[in-house]
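For reference, input-v1.cif (mmCIF, C-alpha atoms and all ligand atoms):
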data_entry
#
loop_
_atom_site.label_atom_id
_atom_site.label_comp_id
_atom_site.auth_asym_id
_atom_site.auth_seq_id
_atom_site.Cartn_x
_atom_site.Cartn_y
_atom_site.Cartn_z
CA MET A 1 0.00 0.00 0.00
CA ALA A 2 1.04 3.58 -0.51
CA ASP A 3 3.19 5.13 2.23
CA ALA A 4 2.57 8.62 3.64
CA ASN A 5 4.80 10.31 1.01
CA SER A 6 3.10 8.66 -1.99
CA ARG A 7 -0.02 9.43 -3.98
CA ILE A 8 -0.43 8.71 -7.64
CA ASN A 9 -3.19 10.03 -9.88
CA PRO A 10 -2.91 7.93 -13.07
CA GLU A 11 -5.00 10.23 -15.32
CA LEU A 12 -2.87 13.26 -14.41
CA VAL A 13 0.36 11.30 -14.79
CA LEU A 14 -0.56 9.94 -18.24
CA SER A 15 -1.53 13.38 -19.52
CA TYR A 16 1.97 14.73 -18.79
CA LYS A 17 4.02 15.77 -21.85
CA PHE A 18 7.77 15.75 -21.46
CA PRO A 19 9.57 18.68 -23.12
CA GLU A 20 11.97 17.65 -25.90
CA THR A 21 15.60 17.67 -24.80
CA THR A 22 18.98 17.48 -26.48
CA TYR A 23 22.06 15.47 -25.51
CA ARG A 24 25.52 16.38 -26.72
CA TYR A 25 28.42 14.05 -26.01
CA SER A 26 32.11 14.00 -26.79
CA GLU A 27 34.72 11.30 -27.11
CA ARG A 28 35.70 12.05 -23.50
CA ASP A 29 32.15 11.14 -22.36
CA ALA A 30 32.28 7.85 -24.27
CA ALA A 31 35.67 6.94 -22.74
CA LEU A 32 34.59 7.95 -19.21
CA TYR A 33 31.47 5.82 -19.64
CA ALA A 34 33.57 2.82 -20.77
CA LEU A 35 35.66 3.09 -17.58
CA GLY A 36 32.42 3.31 -15.56
CA VAL A 37 31.31 -0.08 -16.91
CA GLY A 38 34.70 -1.68 -16.28
CA ALA A 39 36.50 -1.47 -19.63
CA CYS A 40 40.22 -2.15 -19.04
CA GLY A 41 39.40 -2.45 -15.30
CA ARG A 42 41.33 -5.70 -14.88
CA ASP A 43 43.98 -5.08 -17.50
CA ALA A 44 44.95 -1.57 -18.60
CA VAL A 45 46.51 -2.95 -21.80
CA ASP A 46 43.65 -5.31 -22.71
CA THR A 47 43.94 -5.36 -26.51
CA SER A 48 40.21 -6.01 -26.97
CA GLU A 49 39.14 -3.03 -24.82
CA LEU A 50 41.70 -0.24 -25.24
CA LYS A 51 39.72 0.89 -28.29
CA TYR A 52 36.89 2.09 -25.97
CA VAL A 53 39.15 4.49 -24.07
CA TYR A 54 42.13 5.25 -26.30
CA HIS A 55 43.11 5.75 -29.94
CA GLU A 56 44.80 2.41 -30.22
CA ASN A 57 47.18 1.58 -33.10
CA GLY A 58 46.54 4.83 -34.93
CA GLN A 59 42.73 4.31 -34.81
CA GLN A 60 41.15 7.69 -35.63
CA PHE A 61 38.21 7.56 -33.20
CA ILE A 62 37.52 5.54 -30.08
CA LYS A 63 34.78 2.86 -30.32
CA VAL A 64 31.56 3.36 -28.38
CA LEU A 65 30.02 0.57 -26.30
CA PRO A 66 26.40 -0.28 -27.22
CA THR A 67 25.05 0.40 -23.70
CA PHE A 68 26.29 4.00 -23.99
CA ALA A 69 22.99 4.49 -25.86
CA ALA A 70 21.19 4.43 -22.48
CA LEU A 71 22.82 7.72 -21.43
CA SER A 72 20.91 9.79 -24.00
CA SER A 73 17.67 9.19 -22.06
CA LEU A 74 18.98 10.06 -18.58
CA ASP A 75 18.30 13.79 -18.87
CA SER A 76 14.52 13.33 -18.83
CA LEU A 77 14.37 11.12 -15.74
CA PRO A 78 14.78 13.83 -13.06
CA ARG A 79 11.64 15.42 -14.56
CA ILE A 80 9.44 12.69 -13.11
CA THR A 81 9.56 14.59 -9.82
CA GLU A 82 7.70 17.40 -11.67
CA ILE A 83 4.91 15.23 -13.11
CA PRO A 84 1.58 16.38 -11.67
CA GLY A 85 -0.14 13.52 -9.83
CA MET A 86 3.16 11.69 -9.26
CA GLU A 87 3.85 11.88 -5.52
CA TYR A 88 6.30 9.24 -4.30
CA ASP A 89 9.38 9.00 -2.10
CA PRO A 90 12.34 9.52 -4.49
CA ARG A 91 14.69 7.93 -1.93
CA LEU A 92 12.94 4.59 -2.53
CA LEU A 93 13.20 4.66 -6.33
CA LEU A 94 15.03 1.71 -7.93
CA HIS A 95 15.87 1.00 -11.53
CA GLY A 96 13.76 -2.06 -12.40
CA GLN A 97 14.42 -2.72 -16.08
CA GLN A 98 16.05 -1.30 -19.18
CA TYR A 99 15.28 -1.99 -22.82
CA ILE A 100 17.44 -0.44 -25.57
CA GLU A 101 17.07 -0.62 -29.36
CA ILE A 102 20.11 0.59 -31.29
CA TYR A 103 19.39 1.69 -34.85
CA ARG A 104 22.95 2.65 -35.81
CA PRO A 105 26.34 2.45 -34.08
CA PHE A 106 27.08 5.55 -32.01
CA PRO A 107 29.92 7.71 -33.36
CA SER A 108 32.54 8.80 -30.81
CA SER A 109 30.85 12.20 -30.47
CA GLY A 110 27.35 13.36 -31.30
CA TYR A 111 24.35 15.62 -30.75
CA LEU A 112 20.96 13.99 -30.17
CA GLN A 113 17.35 15.14 -29.96
CA ASN A 114 15.18 13.25 -27.43
CA LYS A 115 11.42 12.73 -27.49
CA THR A 116 10.22 11.24 -24.20
CA SER A 117 6.84 9.87 -23.18
CA ILE A 118 5.24 7.72 -20.50
CA ALA A 119 5.03 4.15 -21.81
CA GLY A 120 3.50 2.43 -18.81
CA LEU A 121 2.17 2.80 -15.28
CA HIS A 122 1.31 -0.16 -13.07
CA ASP A 123 0.05 -0.58 -9.54
CA LYS A 124 1.85 -3.53 -7.93
CA GLY A 125 0.27 -3.03 -4.52
CA LYS A 126 3.50 -2.56 -2.57
CA ALA A 127 5.08 -0.55 -5.41
CA ALA A 128 4.31 1.48 -8.50
CA VAL A 129 6.07 0.72 -11.77
CA LEU A 130 6.59 3.61 -14.18
CA GLU A 131 7.90 3.13 -17.72
CA ILE A 132 9.51 6.00 -19.61
CA GLU A 133 10.33 5.78 -23.31
CA THR A 134 12.82 8.01 -25.13
CA LEU A 135 13.45 8.06 -28.87
CA SER A 136 16.79 9.70 -29.67
CA SER A 137 17.61 10.99 -33.16
CA ASP A 138 20.65 12.66 -34.63
CA LYS A 139 20.00 16.38 -34.16
CA GLU A 140 21.62 17.34 -37.46
CA CYS A 141 20.27 14.76 -39.93
CA GLY A 142 17.17 13.56 -38.02
CA GLN A 143 18.07 9.84 -38.35
CA PRO A 144 16.82 7.73 -35.41
CA MET A 145 19.76 6.51 -33.28
CA CYS A 146 18.19 4.54 -30.43
CA MET A 147 15.16 3.96 -28.26
CA ASN A 148 15.31 3.47 -24.50
CA ARG A 149 12.54 2.18 -22.28
CA THR A 150 13.39 2.69 -18.62
CA THR A 151 11.31 0.99 -15.94
CA LEU A 152 11.36 2.57 -12.51
CA TYR A 153 10.27 0.62 -9.45
CA LEU A 154 8.84 3.01 -6.85
CA LYS A 155 8.73 1.19 -3.52
CA GLY A 156 5.79 2.15 -1.30
CA ALA A 157 4.01 4.05 -4.11
CA GLY A 158 1.47 1.35 -5.05
CA GLY A 159 -2.11 1.08 -3.86
CA PHE A 160 -3.49 3.85 -6.12
CA SER A 161 -6.02 1.68 -8.01
CA ARG A 162 -9.62 2.76 -7.64
CA THR A 163 -11.14 -0.66 -8.36
CA HIS A 164 -10.43 -4.23 -7.17
CA ASP A 165 -8.30 -4.85 -10.27
CA LEU A 166 -4.81 -3.41 -9.98
CA TYR A 167 -4.32 -0.43 -12.32
CA SER A 168 -2.15 -1.22 -15.35
CA TYR A 169 -1.49 0.92 -18.43
CA SER A 170 0.90 0.03 -21.26
CA LYS A 171 1.44 2.04 -24.41
CA GLY A 172 2.39 -1.17 -26.24
CA PRO A 173 1.44 -4.79 -25.57
CA THR A 174 4.88 -5.80 -24.28
CA ASN A 175 6.25 -2.82 -22.41
CA GLN A 176 7.29 -4.64 -19.25
CA ILE A 177 10.08 -7.13 -19.76
CA PRO A 178 9.16 -10.52 -18.30
CA THR A 179 11.81 -12.36 -16.28
CA VAL A 180 13.81 -14.39 -18.80
CA ARG A 181 13.83 -18.19 -18.76
CA ILE A 182 17.39 -19.24 -17.98
CA PRO A 183 18.32 -22.45 -19.86
CA GLN A 184 19.18 -25.55 -17.79
CA SER A 185 22.13 -26.36 -20.10
CA GLN A 186 25.76 -25.32 -19.51
CA PRO A 187 26.33 -21.69 -20.59
CA PHE A 188 28.02 -21.09 -23.96
CA ALA A 189 30.41 -18.70 -22.18
CA VAL A 190 31.06 -17.40 -18.66
CA PHE A 191 32.94 -14.18 -17.87
CA GLU A 192 34.07 -13.06 -14.44
CA ASP A 193 34.82 -9.40 -13.78
CA CYS A 194 35.54 -7.33 -10.66
CA THR A 195 33.78 -4.06 -10.04
CA GLN A 196 35.97 -1.58 -8.14
CA PRO A 197 35.03 -0.24 -4.69
CA SER A 198 34.89 3.20 -6.37
CA GLN A 199 32.88 1.94 -9.39
CA ALA A 200 29.69 3.90 -8.60
CA LEU A 201 31.68 7.09 -7.89
CA LEU A 202 33.22 6.75 -11.35
CA TYR A 203 30.00 5.72 -13.13
CA ARG A 204 27.99 8.65 -11.71
CA LEU A 205 30.18 11.05 -13.70
CA SER A 206 28.35 9.74 -16.79
CA GLY A 207 25.24 11.62 -15.65
CA ASP A 208 23.32 9.76 -12.94
CA TYR A 209 24.02 11.70 -9.73
CA ASN A 210 21.40 9.99 -7.54
CA PRO A 211 22.96 10.02 -4.02
CA LEU A 212 21.82 6.41 -3.51
CA HIS A 213 25.07 5.53 -5.30
CA SER A 214 27.40 7.82 -3.36
CA ASP A 215 25.92 8.89 -0.01
CA PRO A 216 25.99 6.33 2.85
CA ALA A 217 23.17 8.11 4.73
CA VAL A 218 20.85 8.09 1.69
CA ALA A 219 21.67 4.42 1.01
CA LYS A 220 20.72 3.54 4.62
CA ILE A 221 17.32 5.26 4.29
CA ALA A 222 16.70 3.16 1.16
CA GLY A 223 17.52 0.00 3.14
CA PHE A 224 21.10 -0.71 1.99
CA SER A 225 24.18 -1.09 4.19
CA ARG A 226 26.14 1.20 1.84
CA PRO A 227 25.76 2.95 -1.55
CA ILE A 228 24.85 0.57 -4.36
CA LEU A 229 26.01 0.36 -7.96
CA HIS A 230 23.91 1.95 -10.72
CA GLY A 231 21.83 -0.68 -12.53
CA LEU A 232 23.08 0.69 -15.85
CA SER A 233 26.68 0.12 -14.77
CA THR A 234 25.91 -3.56 -14.03
CA LEU A 235 24.12 -3.79 -17.42
CA GLY A 236 27.20 -2.25 -19.06
CA PHE A 237 29.45 -4.91 -17.45
CA ALA A 238 27.14 -7.68 -18.73
CA VAL A 239 26.92 -6.43 -22.32
CA ARG A 240 30.68 -5.76 -22.42
CA ALA A 241 31.17 -9.42 -21.42
CA ILE A 242 28.84 -10.51 -24.26
CA VAL A 243 30.68 -8.33 -26.80
CA LYS A 244 34.00 -9.83 -25.60
CA CYS A 245 32.96 -13.49 -25.47
CA ILE A 246 30.40 -13.77 -28.28
CA CYS A 247 30.79 -10.80 -30.65
CA ARG A 248 34.56 -11.30 -30.81
CA GLY A 249 35.02 -7.73 -29.65
CA ASP A 250 32.73 -6.08 -32.25
CA PRO A 251 30.32 -3.80 -30.32
CA ASP A 252 28.41 -2.88 -33.51
CA MET A 253 26.78 -6.34 -33.67
CA VAL A 254 24.42 -5.48 -30.81
CA LYS A 255 20.90 -4.61 -32.02
CA SER A 256 18.86 -4.60 -28.83
CA ILE A 257 19.36 -5.15 -25.12
CA SER A 258 16.94 -5.97 -22.34
CA GLY A 259 17.62 -6.46 -18.68
CA ARG A 260 15.72 -6.80 -15.41
CA PHE A 261 17.54 -5.80 -12.22
CA LEU A 262 16.77 -8.56 -9.74
CA LEU A 263 18.93 -7.51 -6.81
CA HIS A 264 21.29 -4.65 -5.93
CA VAL A 265 25.08 -4.84 -6.45
CA TYR A 266 27.60 -3.33 -4.04
CA PRO A 267 30.62 -1.67 -5.69
CA GLY A 268 33.64 -3.96 -5.25
CA GLU A 269 31.68 -7.17 -5.82
CA THR A 270 32.61 -9.72 -8.48
CA LEU A 271 30.15 -10.16 -11.35
CA ILE A 272 29.84 -13.49 -13.16
CA THR A 273 28.04 -13.18 -16.49
CA GLU A 274 26.71 -16.44 -17.94
CA MET A 275 25.63 -16.48 -21.59
CA TRP A 276 23.59 -18.87 -23.74
CA LEU A 277 23.15 -18.61 -27.51
CA GLU A 278 19.66 -19.08 -28.96
CA GLY A 279 20.07 -18.31 -32.67
CA SER A 280 21.14 -14.68 -32.82
CA ARG A 281 19.80 -14.03 -29.30
CA VAL A 282 22.07 -14.16 -26.26
CA VAL A 283 20.27 -15.00 -23.03
CA TYR A 284 22.33 -13.91 -20.05
CA GLN A 285 22.32 -13.69 -16.30
CA VAL A 286 24.70 -11.95 -13.93
CA LYS A 287 25.51 -13.35 -10.50
CA VAL A 288 27.42 -11.90 -7.54
CA LYS A 289 30.22 -14.23 -6.45
CA GLU A 290 30.53 -12.88 -2.90
CA ARG A 291 26.82 -13.43 -2.16
CA ARG A 292 26.68 -17.13 -2.96
CA ASN A 293 26.19 -16.51 -6.68
CA LYS A 294 22.87 -14.73 -6.26
CA ALA A 295 21.41 -13.54 -9.58
CA VAL A 296 21.31 -9.74 -9.82
CA LEU A 297 20.42 -9.18 -13.49
CA SER A 298 18.99 -11.24 -16.34
CA GLY A 299 17.88 -10.49 -19.86
CA HIS A 300 18.75 -10.95 -23.48
CA VAL A 301 20.75 -9.25 -26.21
CA ASP A 302 19.79 -9.56 -29.88
CA LEU A 303 22.63 -9.48 -32.40
CA SER A 304 22.42 -8.35 -36.03
CA ARG A 305 24.49 -11.42 -37.01
CA LEU A 306 26.75 -14.04 -35.49
CA PRO A 307 30.53 -13.91 -35.90
CA SER A 308 31.73 -16.39 -38.52
CA GLN A 309 34.08 -18.34 -36.21
CA LEU A 310 31.66 -19.24 -33.43
C1 LIG A 401 17.46 5.00 -13.95
C2 LIG A 401 17.47 5.98 -12.86
C3 LIG A 401 17.76 5.59 -11.45
C4 LIG A 401 18.68 4.48 -11.26
C5 LIG A 401 18.65 3.76 -10.09
C6 LIG A 401 19.46 2.58 -9.92
O1 LIG A 401 20.37 2.30 -10.66
S1 LIG A 401 19.02 1.53 -8.60
C7 LIG A 401 20.13 0.15 -8.74
C8 LIG A 401 19.68 -0.87 -9.71
N1 LIG A 401 18.45 -1.53 -9.35
C9 LIG A 401 18.38 -2.42 -8.33
O2 LIG A 401 19.34 -2.65 -7.62
C10 LIG A 401 17.05 -3.12 -8.12
C11 LIG A 401 17.25 -4.61 -7.92
N2 LIG A 401 15.99 -5.29 -7.80
C12 LIG A 401 15.31 -5.43 -6.61
O3 LIG A 401 15.79 -4.99 -5.57
C13 LIG A 401 13.98 -6.11 -6.63
O4 LIG A 401 13.86 -6.89 -7.79
C14 LIG A 401 12.78 -5.11 -6.58
C15 LIG A 401 12.81 -4.35 -5.23
C16 LIG A 401 12.85 -4.12 -7.76
C17 LIG A 401 11.46 -5.89 -6.69
O5 LIG A 401 11.46 -6.90 -5.74
P1 LIG A 401 10.15 -7.29 -4.95
O6 LIG A 401 10.47 -8.47 -4.13
O7 LIG A 401 9.62 -6.07 -4.26
O8 LIG A 401 9.17 -7.64 -6.16
P2 LIG A 401 8.31 -8.97 -6.38
O9 LIG A 401 9.17 -10.05 -6.92
O10 LIG A 401 7.49 -9.24 -5.16
O11 LIG A 401 7.35 -8.49 -7.57
C18 LIG A 401 6.34 -7.51 -7.37
C19 LIG A 401 5.84 -7.07 -8.73
O12 LIG A 401 6.79 -6.21 -9.34
C20 LIG A 401 7.28 -6.79 -10.57
N3 LIG A 401 8.74 -6.65 -10.55
C21 LIG A 401 9.61 -7.34 -9.77
N4 LIG A 401 10.85 -6.93 -10.02
C22 LIG A 401 10.76 -5.99 -10.98
C23 LIG A 401 11.72 -5.23 -11.66
N5 LIG A 401 13.03 -5.36 -11.42
N6 LIG A 401 11.31 -4.37 -12.60
C24 LIG A 401 10.00 -4.23 -12.89
N7 LIG A 401 9.02 -4.94 -12.27
C25 LIG A 401 9.43 -5.81 -11.34
C26 LIG A 401 6.88 -8.25 -10.54
O13 LIG A 401 6.68 -8.74 -11.85
C27 LIG A 401 5.62 -8.22 -9.70
O14 LIG A 401 4.52 -7.86 -10.52
P3 LIG A 401 3.38 -8.97 -10.84
O15 LIG A 401 4.11 -10.10 -11.49
O16 LIG A 401 2.84 -9.29 -9.49
O17 LIG A 401 2.43 -8.23 -11.72
#
What's the structure tokens form of this structure?
Amino acid sequence: MADANSRINPELVLSYKFPETTYRYSERDAALYALGVGACGRDAVDTSELKYVYHENGQQFIKVLPTFAALSSLDSLPRITEIPGMEYDPRLLLHGQQYIEIYRPFPSSGYLQNKTSIAGLHDKGKAAVLEIETLSSDKECGQPMCMNRTTLYLKGAGGFSRTHDLYSYSKGPTNQIPTVRIPQSQPFAVFEDCTQPSQALLYRLSGDYNPLHSDPAVAKIAGFSRPILHGLSTLGFAVRAIVKCICRGDPDMVKSISGRFLLHVYPGETLITEMWLEGSRVVYQVKVKERRNKAVLSGHVDLSRLPSQL
């Protein structure tokens, strides 16, 4: 049920129109982001990852990781505090899911135009689930670059339905990402990676300054023993592992990404990404080694093609 700080009026919320925004990024932003999702974190001369942070071997531009596409939508998210009819406790907000479609590889710098809308609102009783969709296009030529659907899980903000049936609105039939079915078979590949104790402090410089990831007092109020890692950083680790192990290091093969955050990650923990191939779809799950291999993220990544030597 809703807590004292929460009250949601679905009609008012759904009538809200986000203003269009722009997002300009440079090669420095792309490199900083790559470090925030662990590129070269274990090996500063990793030949398959230097390209994300450095002009390796005379390469003219750095390469951009596919999950960088999620950053273009971040600007609109703080606006949800301004949505009329959307009263909730922002300290209890968690990132529930992320879905990204990539229409063209991101160049190492760019200028994007964002159109954002509400794609879903659901009453889960103990929580409200809000889905925000952002279509990003190249500001100069108008070509679509990517689409992000961000699902926010607002603890304590449920209980706003006016009938017995729980309120549920979706712009499309499949907005919410169901939990993926993890195959029983041995994974095709497994990749282990360490997040750094300072990982969230580094990742936040890519644009998500929520104090849940940096302030011990705020983390305690939200129910965590210390600041937790951004969900999008964990997702970045997972997709980087898939690019490394399945795409043979080619980030441009990634067409779409979906992920559901199942449990928080503490910076400094070890992430084990398991991957299964189902045609050109990679089903994956991420576990935390230090917490008895508990699953923290699962989802799938669709590839435009498979590498020839798989
Ligand atoms: C982006 C800006 C801010 C960034 C912040 C961060 O990075 S925070 C760091 C990154 N994020 C994190 O660290 C968050 C990690 N995740 C968690 O802590 C937990 O999964 C939880 C608290 C989100 C939900 O746990 P729980 O035990 O309270 O939930 P339950 O199993 O009892 O299900 C209740 C209902 O909700 C549904 N539902 C469930 N999960 C999700 C989901 N993820 N997503 C969407 N929906 C979800 C489920 O289907 C069910 O609906 P149904 O089927 O009845 O219609």
Can you check which parts of chain A lie within 7 Å of ligand LIG 401 (chain A)? Per residue, the shortest pair of atoms and distance in Å to one decimal, counting only C-alpha atoms and all ligand atoms, sorted by chain and number, as CSV.
residue,atom,partner,partner_atom,distance
A:Leu77,CA,A:LIG401,C2,6.7
A:Leu93,CA,A:LIG401,C5,6.7
A:Leu94,CA,A:LIG401,S1,4.0
A:His95,CA,A:LIG401,C5,4.2
A:Gly96,CA,A:LIG401,N6,3.4
A:Gln97,CA,A:LIG401,N6,5.0
A:Lys124,CA,A:LIG401,C19,5.4
A:Val129,CA,A:LIG401,N7,6.4
A:Thr150,CA,A:LIG401,C1,6.6
A:Thr151,CA,A:LIG401,C24,6.2
A:Leu152,CA,A:LIG401,C1,6.7
A:Tyr153,CA,A:LIG401,C16,5.7
A:Gln176,CA,A:LIG401,C24,6.9
A:Asp208,CA,A:LIG401,C2,7.0
A:Asn210,CA,A:LIG401,C3,6.9
A:Ile228,CA,A:LIG401,C7,6.5
A:Leu229,CA,A:LIG401,C7,5.9
A:His230,CA,A:LIG401,O1,3.6
A:Gly231,CA,A:LIG401,C8,3.6
A:Leu232,CA,A:LIG401,O1,6.1
A:Arg260,CA,A:LIG401,N5,5.0
A:Phe261,CA,A:LIG401,C11,4.5
A:Leu262,CA,A:LIG401,O4,3.9
A:Leu263,CA,A:LIG401,C11,3.5
A:His264,CA,A:LIG401,O2,3.3
A:Val265,CA,A:LIG401,O2,6.3
A:Val296,CA,A:LIG401,C11,6.8
Once you have the residues from the selection above, write them out as a tab-separated table (two decimals), in the coordinates of the input, restricted to C-alpha atoms.
chain	number	residue	atom	x	y	z
A	77	LEU	CA	14.37	11.12	-15.74
A	93	LEU	CA	13.20	4.66	-6.33
A	94	LEU	CA	15.03	1.71	-7.93
A	95	HIS	CA	15.87	1.00	-11.53
A	96	GLY	CA	13.76	-2.06	-12.40
A	97	GLN	CA	14.42	-2.72	-16.08
A	124	LYS	CA	1.85	-3.53	-7.93
A	129	VAL	CA	6.07	0.72	-11.77
A	150	THR	CA	13.39	2.69	-18.62
A	151	THR	CA	11.31	0.99	-15.94
A	152	LEU	CA	11.36	2.57	-12.51
A	153	TYR	CA	10.27	0.62	-9.45
A	176	GLN	CA	7.29	-4.64	-19.25
A	208	ASP	CA	23.32	9.76	-12.94
A	210	ASN	CA	21.40	9.99	-7.54
A	228	ILE	CA	24.85	0.57	-4.36
A	229	LEU	CA	26.01	0.36	-7.96
A	230	HIS	CA	23.91	1.95	-10.72
A	231	GLY	CA	21.83	-0.68	-12.53
A	232	LEU	CA	23.08	0.69	-15.85
A	260	ARG	CA	15.72	-6.80	-15.41
A	261	PHE	CA	17.54	-5.80	-12.22
A	262	LEU	CA	16.77	-8.56	-9.74
A	263	LEU	CA	18.93	-7.51	-6.81
A	264	HIS	CA	21.29	-4.65	-5.93
A	265	VAL	CA	25.08	-4.84	-6.45
A	296	VAL	CA	21.31	-9.74	-9.82
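Pairwise distance (CA of Glu274 (chain A), CA of Thr67 (chain A)) equals 17.9 Å.
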Given 5 Å of margin on each side, can you work out the centre and size in Å (one decimal) of an axis-aligned box holding every listed atom of region 168-171 of chain A, as AutoDock Vina command-line options?
--center_x -0.4 --center_y 0.4 --center_z -19.9 --size_x 13.6 --size_y 13.3 --size_z 19.1
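You will find CA of Thr21 (chain A) at 8.4 Å from CA of Thr116 (chain A).
What separates CA of Asp252 (chain A) from CA of Leu271 (chain A) is a distance of 23.4 Å.
Distance annotation: of A:Arg292, A:Leu35, A:Lys17, A:Lys115, the residue with the minimal separation from Arg240 (chain A) is A:Leu35; atom set is all atoms listed in the file.
Residues lying within 7 Å of Thr22 (chain A), counting all atoms listed in the file and ignoring same-chain neighbours fewer than 3 positions away, are Leu112, Gln113 and Asn114 of chain A.
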- Item | Near-Ser117 (chain A) list (9 Å; only C-alpha atoms; drop same-chain fewer than 4 positions) as a PyMOL selection string | chain A and resi 14+16-18+131-135
- Item | Ser185 (chain A) environment, 12 Å, all atoms listed in the file, sequence neighbours closer than 2 positions dropped, as an MDAnalysis selection string | chainID A and resid 181:183 187:189 274:278 283
- Message: With distances taken over only C-alpha atoms, which residue among A:Gly41, A:Gly36, A:Gly156, A:Pro90 lies nearest Thr234 (chain A)?
- Response: A:Gly36
- With distances taken over all atoms listed in the file, which of A:Ala31, A:Ile118, A:Ala39, A:Ala128 is nearest to Val13 (chain A)? A:Ile118
- Leaving out Lys220 (chain A) and any residue of its chain fewer than 6 positions from it, which residues lie within 12 Å of it when counting all atoms listed in the file, given as a list in words? Arg91, Leu92, Pro211, Leu212, His213, Ser214, Arg226, Pro227 and Ile228 of chain A
- For Cys245 (chain A), please output as a PyMOL selection string all residues within 12 Å (counting all atoms listed in the file; exclusion window: fewer than 2 positions along the same chain). chain A and resi 48+187-192+238-243+247-251+273-277+282+284+306-307+309-310
- With distances taken over only C-alpha atoms, which of A:Arg281, A:Cys194, A:Ala200, A:Ile246 is nearest to Arg42 (chain A)? A:Cys194
